[in-house]
Amino acid sequence: MELRQLRCFVAVAEELHFGRAAEKLLLGQPAVSQQVRRLERELRVELFDRSPRHVRLTPAGERFLPAARDVLSAEDAARTLAADLAAELAAPAVLRLGTITGLGERLDLILDTYRRQAPDVRVELHAAPVRERLARLADGRLDAGFVRGAVAEDDPDLRFIPVWQDELVIALPARHPLAAQPDLDLGELAELPLQLTERRNHPALVDLVMDACAQAGFRPLPGPPHSTLQDTLASIGSGTPMWTVVYAANARMTNAHRIAFRPCRTPLALPTSIAVRRSAPLPRLLLEACTGGRRSRR
């Protein structure tokens with residue numbers, strides 16, 4: 001069984017006319033008829049009911065058509081993948097990657113995996129607020145970038161490929177009575193001030209936390225103005241009654257015995273995606289590094 005036989009069969013099945021199928025394939029009608037006949041001999045079934053007035057699929061042909069289409073779709077996907085990989089490997093030997101906070105050891109693992117797959121490519125990491133990150137992606141100053149939270153699927157310039165969920169944990173003073181619990185309900189934090197970044201800095205994070213608090217039945221008390229995560233954790237570590245949220249990956253790397261990190265009983269997590277320009281090929285090696293090779297194609 002050959003791919004050209006399947007292409008001829010599918011074209012005739014869709015046109016129900018050997019002449020129109022031949023025009024569609026840019027072949028002569030005798031060649032199309034010959035390929036279909038060879039396929040029928042190999043399968044030992046009649047795929048078409050032929051008469052001077054019409055061409056129709058036989059029951060066997062109707063059953064075989066979806067399988068033939070699947071094979072041709074797989075061929076198209078393989079060609080696309082090969083072209084994308086070739087374009088990626090032939091691209092300039094620099095990958096300009098927009099990063100986000102809170103990746104922790106995950107970023108090290110991604111970079112190590114990517115370097116094994118593309119040892120000649122130098123990775124440049126660029127940290128910037130989300131709006132600036134997306135602007136740099138759109139105008140070509142970045143090749144790819146991590147983005148957290150819900151994304152605009154109808155963005156005319158960018159496409160977003162989900163790669164994982166980023167878990168958030170609650171940070172509060174280690175000496176606070178609530179820190180003795182293995183996990184926390186957000187409602188238990190209603191009397192403590194919440195120290196969180198301004199919404200313009202990270203709208204997805206702020207909206208997630210505020211919505212979760214509203215569902216828990218309270219509006220958080222505003223804490224002191226937020227500067228950096230380090231300053232926030234230092235304030236919490238001093239014993240000041242307040243709380244915040246931290247990416248679990250960051251919490252695992254933070255050695256601060258004055259701070260307790262506790263999961264929320266109603267899990268808090270933000271989806272993380274890789275953003276790329278729609279006009280650029282998918283960065284498949286980067287996607288595989290992010291997903292441990294589990295991603296096939298999109």
# chains A, B, ... in the order shown; residues from 1 in each chain; ligands from 1
>>> residues_around(residues="region 47-56 of chain A", least_positions_apart="6", cutoff="9 Å", atoms="only C-alpha atoms", output="number ranges by chain")
A: 9, 12-13, 16-18, 36-37, 39-40, 62, 64
>>> write_last_selection(atoms="all heavy atoms", output="mmCIF file, in the first residue's frame")
data_model
loop_
_atom_site.group_PDB
_atom_site.id
_atom_site.type_symbol
_atom_site.label_atom_id
_atom_site.label_comp_id
_atom_site.auth_asym_id
_atom_site.auth_seq_id
_atom_site.Cartn_x
_atom_site.Cartn_y
_atom_site.Cartn_z
ATOM 1 N N PHE A 9 -7.324 7.416 -3.979
ATOM 2 C CA PHE A 9 -8.589 6.887 -3.472
ATOM 3 C C PHE A 9 -9.397 7.969 -2.769
ATOM 4 O O PHE A 9 -10.598 8.134 -3.016
ATOM 5 C CB PHE A 9 -8.321 5.722 -2.515
ATOM 6 C CG PHE A 9 -9.493 5.382 -1.649
ATOM 7 C CD1 PHE A 9 -10.654 4.829 -2.182
ATOM 8 C CD2 PHE A 9 -9.468 5.637 -0.280
ATOM 9 C CE1 PHE A 9 -11.749 4.536 -1.383
ATOM 10 C CE2 PHE A 9 -10.548 5.350 0.525
ATOM 11 C CZ PHE A 9 -11.696 4.787 -0.035
ATOM 12 N N VAL A 12 -10.892 10.543 -5.252
ATOM 13 C CA VAL A 12 -12.058 10.030 -5.966
ATOM 14 C C VAL A 12 -13.251 9.922 -5.017
ATOM 15 O O VAL A 12 -14.391 10.240 -5.380
ATOM 16 C CB VAL A 12 -11.741 8.664 -6.609
ATOM 17 C CG1 VAL A 12 -12.994 8.079 -7.272
ATOM 18 C CG2 VAL A 12 -10.635 8.810 -7.650
ATOM 19 N N ALA A 13 -13.021 9.498 -3.776
ATOM 20 C CA ALA A 13 -14.105 9.370 -2.801
ATOM 21 C C ALA A 13 -14.739 10.725 -2.508
ATOM 22 O O ALA A 13 -15.952 10.824 -2.277
ATOM 23 C CB ALA A 13 -13.577 8.737 -1.519
ATOM 24 N N LEU A 16 -16.208 11.797 -6.176
ATOM 25 C CA LEU A 16 -17.089 10.803 -6.811
ATOM 26 C C LEU A 16 -17.074 10.945 -8.335
ATOM 27 O O LEU A 16 -18.091 10.819 -9.023
ATOM 28 C CB LEU A 16 -18.520 10.922 -6.266
ATOM 29 C CG LEU A 16 -18.679 10.556 -4.779
ATOM 30 C CD1 LEU A 16 -20.116 10.730 -4.341
ATOM 31 C CD2 LEU A 16 -18.183 9.139 -4.507
ATOM 32 N N HIS A 17 -15.836 11.225 -8.810
ATOM 33 C CA HIS A 17 -15.636 11.392 -10.256
ATOM 34 C C HIS A 17 -14.131 11.277 -10.517
ATOM 35 O O HIS A 17 -13.345 12.046 -9.953
ATOM 36 C CB HIS A 17 -16.165 12.765 -10.702
ATOM 37 C CG HIS A 17 -16.276 12.916 -12.187
ATOM 38 N ND1 HIS A 17 -15.192 13.162 -12.987
ATOM 39 C CD2 HIS A 17 -17.362 12.860 -13.013
ATOM 40 C CE1 HIS A 17 -15.588 13.253 -14.244
ATOM 41 N NE2 HIS A 17 -16.913 13.071 -14.281
ATOM 42 N N PHE A 18 -13.745 10.335 -11.380
ATOM 43 C CA PHE A 18 -12.324 10.111 -11.629
ATOM 44 C C PHE A 18 -11.692 11.292 -12.356
ATOM 45 O O PHE A 18 -10.545 11.653 -12.084
ATOM 46 C CB PHE A 18 -12.129 8.811 -12.429
ATOM 47 C CG PHE A 18 -12.174 7.577 -11.582
ATOM 48 C CD1 PHE A 18 -13.384 6.971 -11.266
ATOM 49 C CD2 PHE A 18 -11.003 7.018 -11.081
ATOM 50 C CE1 PHE A 18 -13.430 5.832 -10.479
ATOM 51 C CE2 PHE A 18 -11.036 5.883 -10.292
ATOM 52 C CZ PHE A 18 -12.248 5.286 -9.983
ATOM 53 N N VAL A 36 -5.996 3.454 -8.047
ATOM 54 C CA VAL A 36 -7.127 2.933 -7.277
ATOM 55 C C VAL A 36 -7.282 1.439 -7.505
ATOM 56 O O VAL A 36 -7.535 0.672 -6.560
ATOM 57 C CB VAL A 36 -8.421 3.690 -7.647
ATOM 58 C CG1 VAL A 36 -9.630 3.031 -6.984
ATOM 59 C CG2 VAL A 36 -8.327 5.156 -7.230
ATOM 60 N N ARG A 37 -7.101 1.001 -8.761
ATOM 61 C CA ARG A 37 -7.196 -0.423 -9.046
ATOM 62 C C ARG A 37 -6.120 -1.208 -8.308
ATOM 63 O O ARG A 37 -6.361 -2.303 -7.778
ATOM 64 C CB ARG A 37 -7.068 -0.661 -10.551
ATOM 65 C CG ARG A 37 -8.325 -0.364 -11.342
ATOM 66 C CD ARG A 37 -9.450 -1.290 -10.935
ATOM 67 N NE ARG A 37 -10.628 -1.131 -11.796
ATOM 68 C CZ ARG A 37 -11.797 -1.673 -11.533
ATOM 69 N NH1 ARG A 37 -11.967 -2.376 -10.423
ATOM 70 N NH2 ARG A 37 -12.818 -1.499 -12.349
ATOM 71 N N LEU A 39 -4.761 -0.412 -5.496
ATOM 72 C CA LEU A 39 -5.142 -0.443 -4.087
ATOM 73 C C LEU A 39 -6.218 -1.500 -3.849
ATOM 74 O O LEU A 39 -6.170 -2.252 -2.861
ATOM 75 C CB LEU A 39 -5.633 0.938 -3.641
ATOM 76 C CG LEU A 39 -6.080 1.083 -2.187
ATOM 77 C CD1 LEU A 39 -4.936 0.781 -1.237
ATOM 78 C CD2 LEU A 39 -6.627 2.487 -1.930
ATOM 79 N N GLU A 40 -7.186 -1.565 -4.728
ATOM 80 C CA GLU A 40 -8.258 -2.552 -4.584
ATOM 81 C C GLU A 40 -7.711 -3.972 -4.678
ATOM 82 O O GLU A 40 -8.139 -4.861 -3.916
ATOM 83 C CB GLU A 40 -9.325 -2.312 -5.658
ATOM 84 C CG GLU A 40 -10.150 -1.056 -5.407
ATOM 85 C CD GLU A 40 -11.157 -0.789 -6.504
ATOM 86 O OE1 GLU A 40 -10.815 -1.010 -7.692
ATOM 87 O OE2 GLU A 40 -12.285 -0.367 -6.188
ATOM 88 N N GLU A 62 -16.610 2.914 2.058
ATOM 89 C CA GLU A 62 -17.023 3.840 3.119
ATOM 90 C C GLU A 62 -16.307 3.542 4.424
ATOM 91 O O GLU A 62 -15.941 4.465 5.166
ATOM 92 C CB GLU A 62 -18.540 3.752 3.304
ATOM 93 C CG GLU A 62 -19.327 4.305 2.124
ATOM 94 C CD GLU A 62 -20.825 4.143 2.310
ATOM 95 O OE1 GLU A 62 -21.222 3.471 3.288
ATOM 96 O OE2 GLU A 62 -21.585 4.692 1.495
ATOM 97 N N PHE A 64 -13.352 2.104 4.683
ATOM 98 C CA PHE A 64 -11.910 2.306 4.517
ATOM 99 C C PHE A 64 -11.545 3.789 4.453
ATOM 100 O O PHE A 64 -10.425 4.178 4.800
ATOM 101 C CB PHE A 64 -11.435 1.598 3.245
ATOM 102 C CG PHE A 64 -9.950 1.657 3.034
ATOM 103 C CD1 PHE A 64 -9.076 1.001 3.889
ATOM 104 C CD2 PHE A 64 -9.425 2.379 1.971
ATOM 105 C CE1 PHE A 64 -7.700 1.059 3.699
ATOM 106 C CE2 PHE A 64 -8.050 2.450 1.777
ATOM 107 C CZ PHE A 64 -7.191 1.785 2.636
#
>>> closest_atom_pairs(of="region 68-149 of chain A", to="region 269-280 of chain A", cutoff="12 Å", atoms="only C-alpha atoms", output="tab-separated table")
residue	atom	partner	partner_atom	distance
A:Ala83	CA	A:Ala280	CA	11.8
A:Asp84	CA	A:Ala280	CA	9.1
A:Leu85	CA	A:Ala280	CA	11.8
A:Ala87	CA	A:Ala280	CA	9.3
A:Glu88	CA	A:Ala280	CA	9.5
A:Ala91	CA	A:Ala280	CA	10.8
A:Leu95	CA	A:Val276	CA	11.8
A:Arg96	CA	A:Val276	CA	11.1
A:Leu97	CA	A:Ile274	CA	9.7
A:Gly98	CA	A:Ala275	CA	9.1
A:Thr99	CA	A:Ile274	CA	10.0
A:Ile100	CA	A:Thr272	CA	9.8
A:Thr101	CA	A:Thr272	CA	11.7
A:Gly102	CA	A:Thr272	CA	11.3
A:Leu103	CA	A:Thr272	CA	10.3
A:Val130	CA	A:Ala275	CA	11.2
A:Arg133	CA	A:Ala275	CA	9.7
A:Leu134	CA	A:Ala275	CA	8.0
A:Ala135	CA	A:Arg277	CA	10.6
A:Arg136	CA	A:Arg277	CA	10.2
A:Leu137	CA	A:Arg277	CA	6.6
A:Ala138	CA	A:Arg277	CA	6.1
A:Asp139	CA	A:Arg277	CA	8.6
A:Gly140	CA	A:Arg277	CA	7.9
A:Arg141	CA	A:Arg277	CA	10.8
A:Leu142	CA	A:Val276	CA	8.5
A:Asp143	CA	A:Val276	CA	6.5
A:Ala144	CA	A:Val276	CA	4.9
A:Gly145	CA	A:Ala275	CA	5.2
A:Phe146	CA	A:Ile274	CA	4.8
A:Val147	CA	A:Ser273	CA	5.2
A:Arg148	CA	A:Thr272	CA	4.4
A:Gly149	CA	A:Pro271	CA	5.2
>>> residues_around(residues="Asp231 (chain A)", least_positions_apart="5", cutoff="12 Å", atoms="only C-alpha atoms", output="ChimeraX atom specification")
/A:195-197,224-226,236-238,244
>>> write_last_selection(atoms="all heavy atoms", output="mmCIF file, in the first residue's frame")
data_model
loop_
_atom_site.group_PDB
_atom_site.id
_atom_site.type_symbol
_atom_site.label_atom_id
_atom_site.label_comp_id
_atom_site.auth_asym_id
_atom_site.auth_seq_id
_atom_site.Cartn_x
_atom_site.Cartn_y
_atom_site.Cartn_z
ATOM 1 N N GLN A 195 -0.821 40.961 51.734
ATOM 2 C CA GLN A 195 0.162 41.778 51.020
ATOM 3 C C GLN A 195 0.354 41.164 49.634
ATOM 4 O O GLN A 195 0.851 40.045 49.493
ATOM 5 C CB GLN A 195 1.489 41.833 51.773
ATOM 6 C CG GLN A 195 2.469 42.835 51.166
ATOM 7 C CD GLN A 195 3.605 43.176 52.104
ATOM 8 O OE1 GLN A 195 3.683 42.630 53.203
ATOM 9 N NE2 GLN A 195 4.480 44.066 51.685
ATOM 10 N N LEU A 196 -0.058 41.923 48.621
ATOM 11 C CA LEU A 196 -0.052 41.403 47.267
ATOM 12 C C LEU A 196 0.379 42.507 46.312
ATOM 13 O O LEU A 196 0.189 43.687 46.590
ATOM 14 C CB LEU A 196 -1.465 40.918 46.905
ATOM 15 C CG LEU A 196 -1.618 39.876 45.800
ATOM 16 C CD1 LEU A 196 -0.870 38.590 46.129
ATOM 17 C CD2 LEU A 196 -3.099 39.569 45.574
ATOM 18 N N THR A 197 0.981 42.121 45.202
ATOM 19 C CA THR A 197 1.396 43.104 44.211
ATOM 20 C C THR A 197 0.193 43.843 43.640
ATOM 21 O O THR A 197 -0.948 43.375 43.733
ATOM 22 C CB THR A 197 2.159 42.411 43.065
ATOM 23 O OG1 THR A 197 2.678 43.409 42.165
ATOM 24 C CG2 THR A 197 1.242 41.476 42.290
ATOM 25 N N PRO A 224 0.465 46.210 53.942
ATOM 26 C CA PRO A 224 1.374 47.298 53.577
ATOM 27 C C PRO A 224 1.662 47.267 52.078
ATOM 28 O O PRO A 224 1.510 46.230 51.430
ATOM 29 C CB PRO A 224 2.639 46.982 54.391
ATOM 30 C CG PRO A 224 2.178 46.074 55.487
ATOM 31 C CD PRO A 224 1.044 45.288 54.928
ATOM 32 N N PRO A 225 2.043 48.399 51.504
ATOM 33 C CA PRO A 225 2.352 48.447 50.068
ATOM 34 C C PRO A 225 3.387 47.386 49.700
ATOM 35 O O PRO A 225 4.378 47.195 50.409
ATOM 36 C CB PRO A 225 2.901 49.860 49.868
ATOM 37 C CG PRO A 225 2.329 50.650 50.990
ATOM 38 C CD PRO A 225 2.228 49.709 52.150
ATOM 39 N N HIS A 226 3.175 46.734 48.596
ATOM 40 C CA HIS A 226 4.059 45.663 48.140
ATOM 41 C C HIS A 226 5.233 46.272 47.390
ATOM 42 O O HIS A 226 5.069 47.146 46.558
ATOM 43 C CB HIS A 226 3.284 44.715 47.220
ATOM 44 C CG HIS A 226 4.126 43.647 46.606
ATOM 45 N ND1 HIS A 226 4.273 42.401 47.172
ATOM 46 C CD2 HIS A 226 4.870 43.629 45.482
ATOM 47 C CE1 HIS A 226 5.053 41.672 46.405
ATOM 48 N NE2 HIS A 226 5.430 42.394 45.372
ATOM 49 N N ILE A 236 6.835 39.255 56.602
ATOM 50 C CA ILE A 236 6.115 38.125 57.196
ATOM 51 C C ILE A 236 7.015 37.378 58.164
ATOM 52 O O ILE A 236 6.592 36.972 59.261
ATOM 53 C CB ILE A 236 5.601 37.187 56.079
ATOM 54 C CG1 ILE A 236 4.525 37.905 55.255
ATOM 55 C CG2 ILE A 236 5.052 35.889 56.664
ATOM 56 C CD1 ILE A 236 4.040 37.123 54.049
ATOM 57 N N GLY A 237 8.291 37.203 57.796
ATOM 58 C CA GLY A 237 9.231 36.496 58.668
ATOM 59 C C GLY A 237 9.497 37.210 59.969
ATOM 60 O O GLY A 237 9.882 36.573 60.961
ATOM 61 N N SER A 238 9.258 38.525 59.990
ATOM 62 C CA SER A 238 9.468 39.283 61.234
ATOM 63 C C SER A 238 8.373 39.017 62.252
ATOM 64 O O SER A 238 8.464 39.442 63.400
ATOM 65 C CB SER A 238 9.537 40.783 60.919
ATOM 66 O OG SER A 238 8.260 41.272 60.544
ATOM 67 N N THR A 244 0.480 36.188 52.281
ATOM 68 C CA THR A 244 0.569 36.388 50.848
ATOM 69 C C THR A 244 0.534 35.026 50.186
ATOM 70 O O THR A 244 0.402 33.996 50.853
ATOM 71 C CB THR A 244 1.840 37.178 50.468
ATOM 72 O OG1 THR A 244 1.753 37.567 49.086
ATOM 73 C CG2 THR A 244 3.099 36.346 50.668
#
>>> select_by_dssp(residues="region 49-249 of chain A", states="helix (DSSP H, G or I)", output="number ranges by chain")
A: 59-90, 105-117, 130-138, 177-180, 186-189, 203-215, 229-237, 248-249
>>> residues_around(residues="Thr240 (chain A)", least_positions_apart="4", cutoff="12 Å", atoms="only C-alpha atoms", output="PDB file with all heavy atoms, in the first residue's frame")
ATOM      1  N   ALA A 171       1.737  31.918  52.357  1.00  0.00           N
ATOM      2  CA  ALA A 171       2.866  32.223  53.236  1.00  0.00           C
ATOM      3  C   ALA A 171       2.369  33.082  54.389  1.00  0.00           C
ATOM      4  O   ALA A 171       1.685  34.092  54.175  1.00  0.00           O
ATOM      5  CB  ALA A 171       3.964  32.952  52.467  1.00  0.00           C
ATOM      6  N   LEU A 172       2.714  32.691  55.626  1.00  0.00           N
ATOM      7  CA  LEU A 172       2.328  33.450  56.821  1.00  0.00           C
ATOM      8  C   LEU A 172       3.399  33.234  57.892  1.00  0.00           C
ATOM      9  O   LEU A 172       4.242  32.335  57.754  1.00  0.00           O
ATOM     10  CB  LEU A 172       0.952  33.042  57.323  1.00  0.00           C
ATOM     11  CG  LEU A 172       0.762  31.675  57.998  1.00  0.00           C
ATOM     12  CD1 LEU A 172      -0.573  31.649  58.743  1.00  0.00           C
ATOM     13  CD2 LEU A 172       0.823  30.531  57.008  1.00  0.00           C
ATOM     14  N   PRO A 173       3.406  34.058  58.942  1.00  0.00           N
ATOM     15  CA  PRO A 173       4.444  33.900  59.976  1.00  0.00           C
ATOM     16  C   PRO A 173       4.433  32.493  60.576  1.00  0.00           C
ATOM     17  O   PRO A 173       3.360  31.941  60.885  1.00  0.00           O
ATOM     18  CB  PRO A 173       4.079  34.962  61.010  1.00  0.00           C
ATOM     19  CG  PRO A 173       3.297  35.977  60.241  1.00  0.00           C
ATOM     20  CD  PRO A 173       2.528  35.207  59.218  1.00  0.00           C
ATOM     21  N   ALA A 174       5.615  31.936  60.755  1.00  0.00           N
ATOM     22  CA  ALA A 174       5.712  30.575  61.287  1.00  0.00           C
ATOM     23  C   ALA A 174       5.152  30.475  62.698  1.00  0.00           C
ATOM     24  O   ALA A 174       4.706  29.396  63.119  1.00  0.00           O
ATOM     25  CB  ALA A 174       7.168  30.114  61.253  1.00  0.00           C
ATOM     26  N   ARG A 175       5.145  31.589  63.455  1.00  0.00           N
ATOM     27  CA  ARG A 175       4.654  31.550  64.828  1.00  0.00           C
ATOM     28  C   ARG A 175       3.156  31.824  64.939  1.00  0.00           C
ATOM     29  O   ARG A 175       2.600  31.754  66.034  1.00  0.00           O
ATOM     30  CB  ARG A 175       5.414  32.574  65.674  1.00  0.00           C
ATOM     31  CG  ARG A 175       6.902  32.225  65.854  1.00  0.00           C
ATOM     32  CD  ARG A 175       7.581  33.203  66.779  1.00  0.00           C
ATOM     33  NE  ARG A 175       8.991  32.863  66.983  1.00  0.00           N
ATOM     34  CZ  ARG A 175       9.829  33.558  67.739  1.00  0.00           C
ATOM     35  NH1 ARG A 175       9.379  34.654  68.378  1.00  0.00           N
ATOM     36  NH2 ARG A 175      11.083  33.194  67.876  1.00  0.00           N
ATOM     37  N   HIS A 176       2.525  32.107  63.827  1.00  0.00           N
ATOM     38  CA  HIS A 176       1.080  32.356  63.879  1.00  0.00           C
ATOM     39  C   HIS A 176       0.357  31.037  64.155  1.00  0.00           C
ATOM     40  O   HIS A 176       0.766  29.977  63.641  1.00  0.00           O
ATOM     41  CB  HIS A 176       0.596  32.959  62.565  1.00  0.00           C
ATOM     42  CG  HIS A 176      -0.780  33.532  62.638  1.00  0.00           C
ATOM     43  ND1 HIS A 176      -1.915  32.750  62.555  1.00  0.00           N
ATOM     44  CD2 HIS A 176      -1.207  34.819  62.811  1.00  0.00           C
ATOM     45  CE1 HIS A 176      -2.973  33.518  62.648  1.00  0.00           C
ATOM     46  NE2 HIS A 176      -2.570  34.791  62.814  1.00  0.00           N
ATOM     47  N   LEU A 192      -6.552  38.578  58.661  1.00  0.00           N
ATOM     48  CA  LEU A 192      -5.149  38.958  58.446  1.00  0.00           C
ATOM     49  C   LEU A 192      -5.014  39.820  57.197  1.00  0.00           C
ATOM     50  O   LEU A 192      -5.633  39.533  56.168  1.00  0.00           O
ATOM     51  CB  LEU A 192      -4.266  37.714  58.286  1.00  0.00           C
ATOM     52  CG  LEU A 192      -4.084  36.808  59.503  1.00  0.00           C
ATOM     53  CD1 LEU A 192      -3.162  35.654  59.148  1.00  0.00           C
ATOM     54  CD2 LEU A 192      -3.526  37.593  60.676  1.00  0.00           C
ATOM     55  N   PRO A 193      -4.195  40.869  57.238  1.00  0.00           N
ATOM     56  CA  PRO A 193      -3.952  41.676  56.036  1.00  0.00           C
ATOM     57  C   PRO A 193      -3.262  40.836  54.956  1.00  0.00           C
ATOM     58  O   PRO A 193      -2.422  39.977  55.246  1.00  0.00           O
ATOM     59  CB  PRO A 193      -3.039  42.803  56.528  1.00  0.00           C
ATOM     60  CG  PRO A 193      -3.252  42.849  58.001  1.00  0.00           C
ATOM     61  CD  PRO A 193      -3.528  41.433  58.428  1.00  0.00           C
ATOM     62  N   LEU A 194      -3.632  41.094  53.714  1.00  0.00           N
ATOM     63  CA  LEU A 194      -3.024  40.418  52.567  1.00  0.00           C
ATOM     64  C   LEU A 194      -2.067  41.380  51.884  1.00  0.00           C
ATOM     65  O   LEU A 194      -2.444  42.483  51.496  1.00  0.00           O
ATOM     66  CB  LEU A 194      -4.110  39.980  51.575  1.00  0.00           C
ATOM     67  CG  LEU A 194      -3.628  39.518  50.190  1.00  0.00           C
ATOM     68  CD1 LEU A 194      -2.749  38.277  50.309  1.00  0.00           C
ATOM     69  CD2 LEU A 194      -4.814  39.270  49.265  1.00  0.00           C
ATOM     70  N   GLN A 195      -0.821  40.961  51.734  1.00  0.00           N
ATOM     71  CA  GLN A 195       0.162  41.778  51.020  1.00  0.00           C
ATOM     72  C   GLN A 195       0.354  41.164  49.634  1.00  0.00           C
ATOM     73  O   GLN A 195       0.851  40.045  49.493  1.00  0.00           O
ATOM     74  CB  GLN A 195       1.489  41.833  51.773  1.00  0.00           C
ATOM     75  CG  GLN A 195       2.469  42.835  51.166  1.00  0.00           C
ATOM     76  CD  GLN A 195       3.605  43.176  52.104  1.00  0.00           C
ATOM     77  OE1 GLN A 195       3.683  42.630  53.203  1.00  0.00           O
ATOM     78  NE2 GLN A 195       4.480  44.066  51.685  1.00  0.00           N
ATOM     79  N   GLY A 223      -2.811  44.849  52.996  1.00  0.00           N
ATOM     80  CA  GLY A 223      -1.615  44.934  53.819  1.00  0.00           C
ATOM     81  C   GLY A 223      -0.757  46.111  53.412  1.00  0.00           C
ATOM     82  O   GLY A 223      -1.178  46.965  52.612  1.00  0.00           O
ATOM     83  N   PRO A 224       0.465  46.210  53.942  1.00  0.00           N
ATOM     84  CA  PRO A 224       1.374  47.298  53.577  1.00  0.00           C
ATOM     85  C   PRO A 224       1.662  47.267  52.078  1.00  0.00           C
ATOM     86  O   PRO A 224       1.510  46.230  51.430  1.00  0.00           O
ATOM     87  CB  PRO A 224       2.639  46.982  54.391  1.00  0.00           C
ATOM     88  CG  PRO A 224       2.178  46.074  55.487  1.00  0.00           C
ATOM     89  CD  PRO A 224       1.044  45.288  54.928  1.00  0.00           C
ATOM     90  N   THR A 232       8.437  41.362  51.049  1.00  0.00           N
ATOM     91  CA  THR A 232       7.198  40.839  51.618  1.00  0.00           C
ATOM     92  C   THR A 232       7.484  39.678  52.550  1.00  0.00           C
ATOM     93  O   THR A 232       6.964  39.605  53.672  1.00  0.00           O
ATOM     94  CB  THR A 232       6.250  40.392  50.495  1.00  0.00           C
ATOM     95  OG1 THR A 232       5.917  41.520  49.687  1.00  0.00           O
ATOM     96  CG2 THR A 232       4.975  39.800  51.073  1.00  0.00           C
ATOM     97  N   LEU A 233       8.323  38.734  52.091  1.00  0.00           N
ATOM     98  CA  LEU A 233       8.652  37.585  52.930  1.00  0.00           C
ATOM     99  C   LEU A 233       9.437  38.003  54.165  1.00  0.00           C
ATOM    100  O   LEU A 233       9.271  37.411  55.243  1.00  0.00           O
ATOM    101  CB  LEU A 233       9.444  36.551  52.119  1.00  0.00           C
ATOM    102  CG  LEU A 233       8.664  35.878  50.975  1.00  0.00           C
ATOM    103  CD1 LEU A 233       9.555  34.880  50.248  1.00  0.00           C
ATOM    104  CD2 LEU A 233       7.405  35.192  51.494  1.00  0.00           C
ATOM    105  N   ALA A 234      10.265  39.035  54.021  1.00  0.00           N
ATOM    106  CA  ALA A 234      10.995  39.529  55.192  1.00  0.00           C
ATOM    107  C   ALA A 234      10.025  40.095  56.226  1.00  0.00           C
ATOM    108  O   ALA A 234      10.189  39.871  57.437  1.00  0.00           O
ATOM    109  CB  ALA A 234      12.011  40.590  54.765  1.00  0.00           C
ATOM    110  N   SER A 235       9.004  40.815  55.761  1.00  0.00           N
ATOM    111  CA  SER A 235       8.001  41.362  56.685  1.00  0.00           C
ATOM    112  C   SER A 235       7.229  40.241  57.374  1.00  0.00           C
ATOM    113  O   SER A 235       6.998  40.274  58.582  1.00  0.00           O
ATOM    114  CB  SER A 235       7.026  42.273  55.920  1.00  0.00           C
ATOM    115  OG  SER A 235       7.700  43.391  55.379  1.00  0.00           O
ATOM    116  N   ILE A 236       6.835  39.255  56.602  1.00  0.00           N
ATOM    117  CA  ILE A 236       6.115  38.125  57.196  1.00  0.00           C
ATOM    118  C   ILE A 236       7.015  37.378  58.164  1.00  0.00           C
ATOM    119  O   ILE A 236       6.592  36.972  59.261  1.00  0.00           O
ATOM    120  CB  ILE A 236       5.601  37.187  56.079  1.00  0.00           C
ATOM    121  CG1 ILE A 236       4.525  37.905  55.255  1.00  0.00           C
ATOM    122  CG2 ILE A 236       5.052  35.889  56.664  1.00  0.00           C
ATOM    123  CD1 ILE A 236       4.040  37.123  54.049  1.00  0.00           C
ATOM    124  N   THR A 244       0.480  36.188  52.281  1.00  0.00           N
ATOM    125  CA  THR A 244       0.569  36.388  50.848  1.00  0.00           C
ATOM    126  C   THR A 244       0.534  35.026  50.186  1.00  0.00           C
ATOM    127  O   THR A 244       0.402  33.996  50.853  1.00  0.00           O
ATOM    128  CB  THR A 244       1.840  37.178  50.468  1.00  0.00           C
ATOM    129  OG1 THR A 244       1.753  37.567  49.086  1.00  0.00           O
ATOM    130  CG2 THR A 244       3.099  36.346  50.668  1.00  0.00           C
ATOM    131  N   ARG A 258      11.346  31.314  59.636  1.00  0.00           N
ATOM    132  CA  ARG A 258      10.365  32.207  60.245  1.00  0.00           C
ATOM    133  C   ARG A 258       9.073  32.284  59.440  1.00  0.00           C
ATOM    134  O   ARG A 258       8.125  32.951  59.853  1.00  0.00           O
ATOM    135  CB  ARG A 258      10.961  33.610  60.409  1.00  0.00           C
ATOM    136  CG  ARG A 258      12.123  33.697  61.394  1.00  0.00           C
ATOM    137  CD  ARG A 258      12.542  35.144  61.589  1.00  0.00           C
ATOM    138  NE  ARG A 258      13.612  35.258  62.565  1.00  0.00           N
ATOM    139  CZ  ARG A 258      14.899  35.204  62.257  1.00  0.00           C
ATOM    140  NH1 ARG A 258      15.264  35.040  60.983  1.00  0.00           N
ATOM    141  NH2 ARG A 258      15.824  35.309  63.201  1.00  0.00           N
ATOM    142  N   ILE A 259       9.045  31.640  58.284  1.00  0.00           N
ATOM    143  CA  ILE A 259       7.872  31.687  57.413  1.00  0.00           C
ATOM    144  C   ILE A 259       7.333  30.276  57.234  1.00  0.00           C
ATOM    145  O   ILE A 259       8.092  29.317  57.076  1.00  0.00           O
ATOM    146  CB  ILE A 259       8.222  32.274  56.028  1.00  0.00           C
ATOM    147  CG1 ILE A 259       8.810  33.676  56.177  1.00  0.00           C
ATOM    148  CG2 ILE A 259       6.989  32.310  55.122  1.00  0.00           C
ATOM    149  CD1 ILE A 259       9.373  34.225  54.891  1.00  0.00           C
TER     150      ILE A 259
END
>>> residues_around(residues="Phe218 (chain A)", least_positions_apart="4", cutoff="8 Å", atoms="only C-alpha atoms", output="list in words")
Gly187, Ala190, Cys213 and Ala214 of chain A
>>> select_by_dssp(residues="region 29-84 of chain A", states="strand (DSSP E)", output="PyMOL selection string")
chain A and resi 48-50+55-57
>>> atom_distance(atom1="CA of Arg199 (chain A)", atom2="CA of Thr254 (chain A)")
24.3 Å
>>> residues_around(residues="Leu184 (chain A)", least_positions_apart="4", cutoff="7 Å", atoms="only C-alpha atoms", output="MDAnalysis selection string")
chainID A and resid 262:265
>>> residues_around(residues="Ala67 (chain A)", least_positions_apart="5", cutoff="12 Å", atoms="only C-alpha atoms", output="list in words")
Leu6, Arg7, Phe9, Val10, Ala60, Gly61, Glu62, Leu72, Ser73 and Ala74 of chain A
